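Student: Got a structure for you, input_27.tsv, holding TSV, C-alpha atoms.
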chain	number	residue	atom	x	y	z
A	8	MET	CA	0.00	0.00	0.00
A	9	ASN	CA	0.99	3.61	-0.43
A	10	ALA	CA	3.32	5.05	2.20
A	11	PRO	CA	4.97	8.18	0.78
A	12	GLY	CA	7.36	8.60	3.68
A	13	LEU	CA	7.18	8.86	7.43
A	14	SER	CA	7.20	12.13	9.32
A	15	LEU	CA	10.03	13.57	11.38
A	16	ALA	CA	9.42	11.03	14.14
A	17	ALA	CA	10.87	8.28	11.98
A	18	ARG	CA	14.05	10.25	11.35
A	19	THR	CA	14.68	11.73	14.78
A	20	GLY	CA	13.12	9.00	16.88
A	21	LEU	CA	10.40	9.34	19.51
A	22	ARG	CA	10.73	7.35	22.70
A	23	GLY	CA	8.17	4.58	22.87
A	24	VAL	CA	7.45	4.48	19.13
A	25	SER	CA	8.93	1.65	17.04
A	26	ILE	CA	9.21	2.13	13.27
A	27	VAL	CA	9.30	-1.31	11.64
A	28	ASP	CA	9.66	-2.59	8.08
A	29	THR	CA	7.84	-5.93	8.24
A	30	PRO	CA	4.48	-7.03	9.65
A	31	ASP	CA	6.16	-9.55	11.94
A	32	ALA	CA	8.11	-6.70	13.54
A	33	LEU	CA	4.87	-5.14	14.79
A	34	ALA	CA	5.35	-7.59	17.66
A	35	ALA	CA	7.52	-4.79	19.08
A	36	ILE	CA	4.29	-3.60	20.73
A	37	HIS	CA	4.86	-6.33	23.33
A	38	ARG	CA	8.17	-4.82	24.44
A	39	PRO	CA	7.89	-2.99	27.78
A	40	ASP	CA	9.24	0.25	26.26
A	41	CYS	CA	6.95	0.31	23.19
A	42	ALA	CA	3.71	2.31	23.26
A	43	ALA	CA	3.14	2.24	19.49
A	44	ALA	CA	4.48	0.46	16.43
A	45	ILE	CA	4.31	1.87	12.90
A	46	TRP	CA	4.73	-0.37	9.86
A	47	ARG	CA	6.66	1.53	7.20
A	48	ARG	CA	5.53	0.21	3.82
A	49	GLN	CA	6.54	0.73	0.22
A	50	PRO	CA	4.31	2.78	-2.12
A	51	VAL	CA	1.87	1.16	-4.51
A	52	ALA	CA	1.66	3.42	-7.53
A	53	GLY	CA	-1.78	4.75	-8.34
A	54	PHE	CA	-3.68	3.64	-5.24
A	55	SER	CA	-3.87	7.07	-3.59
A	56	ASP	CA	-4.97	8.73	-6.83
A	57	TRP	CA	-7.70	6.11	-7.21
A	58	ILE	CA	-9.12	6.28	-3.70
A	59	ASP	CA	-8.80	10.08	-3.49
A	60	GLY	CA	-10.83	10.33	-6.69
A	61	LEU	CA	-13.84	8.41	-5.38
A	62	GLU	CA	-16.99	10.18	-4.26
A	63	PRO	CA	-17.43	9.94	-0.46
A	64	GLU	CA	-20.59	7.84	-0.87
A	65	GLN	CA	-18.55	5.27	-2.82
A	66	LEU	CA	-16.32	4.59	0.18
A	67	PRO	CA	-17.20	1.50	2.25
A	68	ARG	CA	-18.27	2.17	5.83
A	69	ALA	CA	-19.48	-0.03	8.69
A	70	ARG	CA	-19.05	-1.03	12.33
A	71	MET	CA	-19.22	-4.74	13.05
A	72	ILE	CA	-17.76	-7.54	15.16
A	73	LEU	CA	-16.31	-10.43	13.19
A	74	ARG	CA	-13.99	-13.33	13.37
A	75	PRO	CA	-10.73	-12.31	11.66
A	76	GLU	CA	-11.26	-14.79	8.85
A	77	GLY	CA	-14.60	-13.16	8.03
A	78	VAL	CA	-13.22	-9.69	7.34
A	79	ARG	CA	-12.44	-10.25	3.65
A	80	ALA	CA	-15.95	-11.33	2.69
A	81	ALA	CA	-17.54	-8.58	4.78
A	82	LEU	CA	-15.40	-5.87	3.21
A	83	TRP	CA	-16.09	-7.18	-0.28
A	84	GLN	CA	-19.84	-6.91	0.42
A	85	LEU	CA	-19.43	-3.41	1.86
A	86	CYS	CA	-17.66	-2.27	-1.30
A	87	GLU	CA	-20.44	-3.80	-3.39
A	88	SER	CA	-23.09	-1.99	-1.35
A	89	ALA	CA	-21.26	1.35	-1.51
A	90	GLY	CA	-20.68	1.11	-5.25
A	91	THR	CA	-16.91	1.18	-4.88
A	92	PRO	CA	-15.65	0.63	-8.45
A	93	ASP	CA	-14.68	-3.00	-9.06
A	94	CYS	CA	-11.02	-2.91	-10.07
A	95	ASP	CA	-7.57	-4.03	-8.96
A	96	PHE	CA	-7.34	-1.18	-6.45
A	97	ARG	CA	-10.62	-2.18	-4.79
A	98	GLN	CA	-9.31	-5.73	-4.49
A	99	MET	CA	-6.10	-4.34	-3.04
A	100	LEU	CA	-8.05	-2.40	-0.41
A	101	VAL	CA	-10.07	-5.45	0.62
A	102	GLU	CA	-7.06	-7.77	0.71
A	103	ASP	CA	-4.96	-5.29	2.65
A	104	ALA	CA	-7.63	-4.72	5.31
A	105	ALA	CA	-8.14	-8.49	5.63
A	106	ALA	CA	-4.40	-9.01	5.99
A	107	LEU	CA	-4.17	-6.34	8.69
A	108	ALA	CA	-7.04	-8.05	10.53
A	109	ALA	CA	-5.17	-11.36	10.44
A	110	ILE	CA	-1.91	-9.76	11.61
A	111	PHE	CA	-3.56	-7.81	14.41
A	112	SER	CA	-5.65	-10.72	15.68
A	113	GLY	CA	-2.52	-12.85	15.78
A	114	LEU	CA	-0.57	-10.25	17.75
A	115	MET	CA	-3.44	-9.77	20.21
A	116	ASP	CA	-4.52	-13.44	20.31
A	117	ALA	CA	-8.03	-12.17	19.55
A	118	ARG	CA	-10.84	-14.53	18.55
A	119	TYR	CA	-12.98	-11.62	17.37
A	120	LEU	CA	-12.33	-8.11	16.12
A	121	ARG	CA	-14.35	-4.94	16.26
A	122	VAL	CA	-13.96	-3.63	12.70
A	123	ARG	CA	-14.70	-0.04	11.79
A	124	LEU	CA	-14.47	1.55	8.39
A	125	ASP	CA	-15.10	5.22	9.04
A	126	VAL	CA	-15.64	7.94	6.46
A	127	VAL	CA	-14.72	11.15	8.26
A	128	THR	CA	-15.22	14.76	7.20
A	129	THR	CA	-15.29	16.42	10.65
A	130	ASN	CA	-12.99	16.86	13.64
A	131	ALA	CA	-13.77	13.40	15.04
A	132	CYS	CA	-11.63	12.52	18.10
A	133	ARG	CA	-9.76	15.81	17.76
A	134	ARG	CA	-8.49	15.79	21.35
A	135	PHE	CA	-5.27	13.97	22.16
A	136	HIS	CA	-6.05	10.85	24.16
A	137	VAL	CA	-5.33	7.20	24.91
A	138	ASP	CA	-8.10	4.73	24.01
A	139	ALA	CA	-9.81	2.77	26.79
A	140	ILE	CA	-8.96	-0.59	25.22
A	141	THR	CA	-6.06	-3.03	25.24
A	142	ALA	CA	-4.69	-2.03	21.83
A	143	ARG	CA	-5.89	-0.64	18.53
A	144	LEU	CA	-4.69	-0.76	14.93
A	145	VAL	CA	-5.47	2.22	12.71
A	146	CYS	CA	-4.76	2.54	9.00
A	147	THR	CA	-5.90	5.64	7.11
A	148	TYR	CA	-6.43	4.74	3.47
A	149	ARG	CA	-7.53	8.19	2.36
A	150	GLY	CA	-6.72	11.62	3.75
A	151	SER	CA	-4.56	12.74	6.65
A	152	GLY	CA	-3.24	10.07	8.97
A	153	THR	CA	-3.34	9.76	12.75
A	154	GLN	CA	-1.42	12.39	14.71
A	155	TYR	CA	0.57	11.49	17.80
A	156	GLY	CA	3.08	12.82	20.28
A	157	ARG	CA	4.21	12.67	23.88
A	158	GLY	CA	2.19	14.53	26.48
A	159	GLY	CA	1.12	14.17	30.06
A	160	GLN	CA	-0.68	15.65	33.08
A	161	GLY	CA	-3.39	17.11	30.88
A	162	ARG	CA	-1.00	18.70	28.41
A	163	ASP	CA	-1.10	18.17	24.66
A	164	PRO	CA	2.15	17.15	22.95
A	165	GLU	CA	4.51	20.00	22.13
A	166	ARG	CA	5.69	18.14	19.03
A	167	ILE	CA	3.06	16.51	16.86
A	168	PHE	CA	3.87	13.80	14.34
A	169	ALA	CA	1.64	12.31	11.63
A	170	VAL	CA	1.35	8.80	10.24
A	171	PRO	CA	1.34	8.77	6.41
A	172	ALA	CA	-1.70	7.48	4.55
A	173	CYS	CA	-1.86	3.68	4.16
A	174	THR	CA	0.64	3.20	6.98
A	175	PRO	CA	-0.69	1.07	9.89
A	176	ILE	CA	-0.08	2.23	13.44
A	177	LEU	CA	-0.59	-0.12	16.38
A	178	LEU	CA	-1.31	1.72	19.65
A	179	ARG	CA	-1.53	0.55	23.23
A	180	GLY	CA	-4.63	1.55	25.20
A	181	THR	CA	-5.26	2.17	28.89
A	182	HIS	CA	-6.14	-1.51	29.44
A	183	TRP	CA	-2.69	-2.67	28.37
A	184	PRO	CA	-1.22	-4.44	31.41
A	185	GLU	CA	2.23	-2.89	31.17
A	186	PHE	CA	3.20	-0.07	33.52
A	187	PRO	CA	4.26	2.70	33.79
A	188	ARG	CA	2.24	4.60	31.18
A	189	ALA	CA	4.31	5.74	28.23
A	190	GLY	CA	2.63	9.15	27.84
A	191	LEU	CA	2.03	8.67	24.11
A	192	LEU	CA	-1.16	10.39	22.95
A	193	HIS	CA	-2.91	10.41	19.59
A	194	ARG	CA	-5.84	12.01	17.79
A	195	SER	CA	-7.58	12.25	14.45
A	196	PRO	CA	-6.32	15.27	12.51
A	197	PRO	CA	-8.67	18.29	12.63
A	198	ILE	CA	-10.07	18.62	9.09
A	199	GLU	CA	-13.49	20.21	9.54
A	200	GLY	CA	-14.09	22.90	6.93
A	201	SER	CA	-11.17	21.77	4.78
A	202	GLY	CA	-13.25	19.72	2.33
A	203	GLU	CA	-11.09	16.66	3.10
A	204	THR	CA	-12.63	13.19	3.37
A	205	ARG	CA	-10.78	10.48	5.29
A	206	LEU	CA	-11.28	6.71	5.12
A	207	LEU	CA	-9.80	4.79	8.00
A	208	LEU	CA	-9.78	1.21	9.17
A	209	VAL	CA	-9.88	0.70	12.94
A	210	LEU	CA	-9.40	-2.72	14.55
A	211	ASP	CA	-9.92	-3.58	18.24
A	212	PRO	CA	-9.62	-7.00	19.90
A	213	VAL	CA	-12.89	-8.39	21.27
A	214	ASP	CA	-13.33	-11.22	23.74
A	215	ASP	CA	-17.12	-11.39	23.68
A	216	PRO	CA	-18.86	-11.18	20.28
A	217	GLU	CA	-21.95	-9.82	22.10
A	218	ASP	CA	-20.05	-6.65	23.02
A	219	LYS	CA	-21.64	-3.50	21.65
A	220	VAL	CA	-20.08	-2.07	18.50
The structure in this file should be written as structure tokens.
Tutor:
Amino acid sequence: MNAPGLSLAARTGLRGVSIVDTPDALAAIHRPDCAAAIWRRQPVAGFSDWIDGLEPEQLPRARMILRPEGVRAALWQLCESAGTPDCDFRQMLVEDAAALAAIFSGLMDARYLRVRLDVVTTNACRRFHVDAITARLVCTYRGSGTQYGRGGQGRDPERIFAVPACTPILLRGTHWPEFPRAGLLHRSPPIEGSGETRLLLVLDPVDDPEDKV
């Protein structure tokens, strides 16, 4: 998938953030000193132009709880329902999201996943925070990527970094058993009024499939 280059954090380093080059290396999230892992990936020519050119109503969107092996079929049906053009890039989107679900469920030993495909045009989750979950994987396929930085005691980060589009970031939440807290915060980029439309995949581990979406 398309990853045009990581922000300054990848070059200067940010304590608690691991920049990795293979999906297996996302297991760095289990190290005591790692609050987030970012998978740096090579560009796929044409994908960003394709997905940026779609009308917002053609982007798949849903919130559902699935077994990891069911993600591919569900995403294929979502694309059909949304009228996402049937082409190699649509197949690439579905296969990539399914692969990320398999990787994430393996890392978290999760039998089920809460899967969200969100189409965002507002300042959703614009405050820096840590999610009240064990861990979360976010991959922004269209638009500005997740912002993150180190803060604490009610203060926002002084330096803010951004994850490039199509680059997965794996974040610890407040339910992660490791202590002390790393102080790494994140947010969705504020885009309201800009005309930008984001498409992001969000994966959470779920123990009980009856949990509310």
Student: For Arg143 of chain A, work out the shell of residues within 9 Å, counting all atoms listed in the file and skipping chain neighbours fewer than 5 positions away, then give it as a VMD selection string.
Tutor: chain A and resid 111 138 176 to 180 209 to 212
Student: Can you tell me how far atom CA of Ala105 of chain A sits from atom CA of Asp40 of chain A, in Å to one decimal?
Tutor: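 That distance, rounded to one decimal, is 28.4 Å.
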Student: Would you please work out which residue, of A:Leu114, A:Val51, A:Ala131, A:Cys173, is nearest to Cys146 of chain A when using only C-alpha atoms?
Tutor: A:Cys173
Student: Rank A:Pro171, A:Gly53, A:Pro39, A:Pro63 by their smallest atom-to-atom distance to Asp95 of chain A, using only C-alpha atoms, and report the top residue only.
Tutor: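 Using only C-alpha atoms, the shortest distance to Asp95 of chain A belongs to A:Gly53.
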Student: Would you pick out the contacts of Glu203 of chain A at 12 Å or less, using only C-alpha atoms, so that residues sharing its chain but fewer than 2 positions from it are not included, and give the list as a list in words?
Tutor: Asp59, Gly60, Glu62, Pro63, Val126, Val127, Thr128, Thr129, Asn130, Arg149, Gly150, Ser151, Gly152, Pro196, Pro197, Ile198, Glu199, Gly200, Ser201, Arg205 and Leu206 of chain A
Student: Calculate how many Å separate atom CA of Phe135 of chain A from atom CA of Asp31 of chain A, rounding to one decimal.
Tutor: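 Atom-to-atom, atom CA of Phe135 of chain A to atom CA of Asp31 of chain A, that is 28.1 Å.
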Student: Kindly indicate which residue among A:Arg118, A:Arg194, A:Arg123, A:Arg97 lies nearest to Val137 of chain A, using all atoms listed in the file for the distances.
Tutor: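 Result for the nearest residue to Val137 of chain A: A:Arg194.
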Student: Report, in Å with one decimal, the straight-line distance from atom CA of Arg47 of chain A to atom CA of Ile26 of chain A.
Tutor: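 Answer for the atom CA of Arg47 of chain A to atom CA of Ile26 of chain A separation: 6.6 Å.
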Student: Go through segment 19-98 of chain A residue by residue and, counting all atoms listed in the file, keep those with an atom at most 12 Å from segment 214-218 of chain A; for each kept residue give the shortest atom pair and its distance in Å to one decimal, ordered by chain and increasing number, as a tab-separated table.
Tutor:
residue	atom	partner	partner_atom	distance
A:Met71	CA	A:Pro216	CA	9.7
A:Ile72	CA	A:Pro216	CA	6.4
A:Leu73	CA	A:Pro216	CA	7.6
A:Arg74	CA	A:Pro216	CA	8.7
A:Pro75	CA	A:Pro216	CA	11.9
Student: Restricting the calculation to all atoms listed in the file: of A:Leu21, A:Leu124, A:Ala43, A:Leu107, which residue gets closest to Glu76 of chain A?
Tutor: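 So, comparing all the options, the nearest one is A:Leu107.
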Student: May I ask which of the residues A:Ala172, A:Ala108, A:Phe96, A:Leu66 is the closest one to Arg79 of chain A, counting all atoms listed in the file?
Tutor: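 Once distances to Arg79 of chain A are computed over all atoms listed in the file, the minimum belongs to A:Ala108.
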Student: Show me, as an MDAnalysis selection string, the residues that have an atom within 9 Å of Ala44 of chain A when counting all atoms listed in the file, minus same-chain residues fewer than 3 positions from it.
Tutor: chainID A and resid 23:27 32:36 41 175:178
Student: Store the residues of this selection in a file with C-alpha atoms, as a tab-separated table (two decimals), keeping the file's coordinate frame.
Tutor:
chain	number	residue	atom	x	y	z
A	23	GLY	CA	8.17	4.58	22.87
A	24	VAL	CA	7.45	4.48	19.13
A	25	SER	CA	8.93	1.65	17.04
A	26	ILE	CA	9.21	2.13	13.27
A	27	VAL	CA	9.30	-1.31	11.64
A	32	ALA	CA	8.11	-6.70	13.54
A	33	LEU	CA	4.87	-5.14	14.79
A	34	ALA	CA	5.35	-7.59	17.66
A	35	ALA	CA	7.52	-4.79	19.08
A	36	ILE	CA	4.29	-3.60	20.73
A	41	CYS	CA	6.95	0.31	23.19
A	175	PRO	CA	-0.69	1.07	9.89
A	176	ILE	CA	-0.08	2.23	13.44
A	177	LEU	CA	-0.59	-0.12	16.38
A	178	LEU	CA	-1.31	1.72	19.65
Student: Return as lines of an AutoDock Vina configuration file the box centre and box size in Å, one decimal, for an axis-aligned box around all listed atoms of segment 40-47 of chain A padded by 4 Å per side.
Tutor:
center_x = 6.2
center_y = 1.0
center_z = 16.7
size_x = 14.1
size_y = 10.7
size_z = 27.1
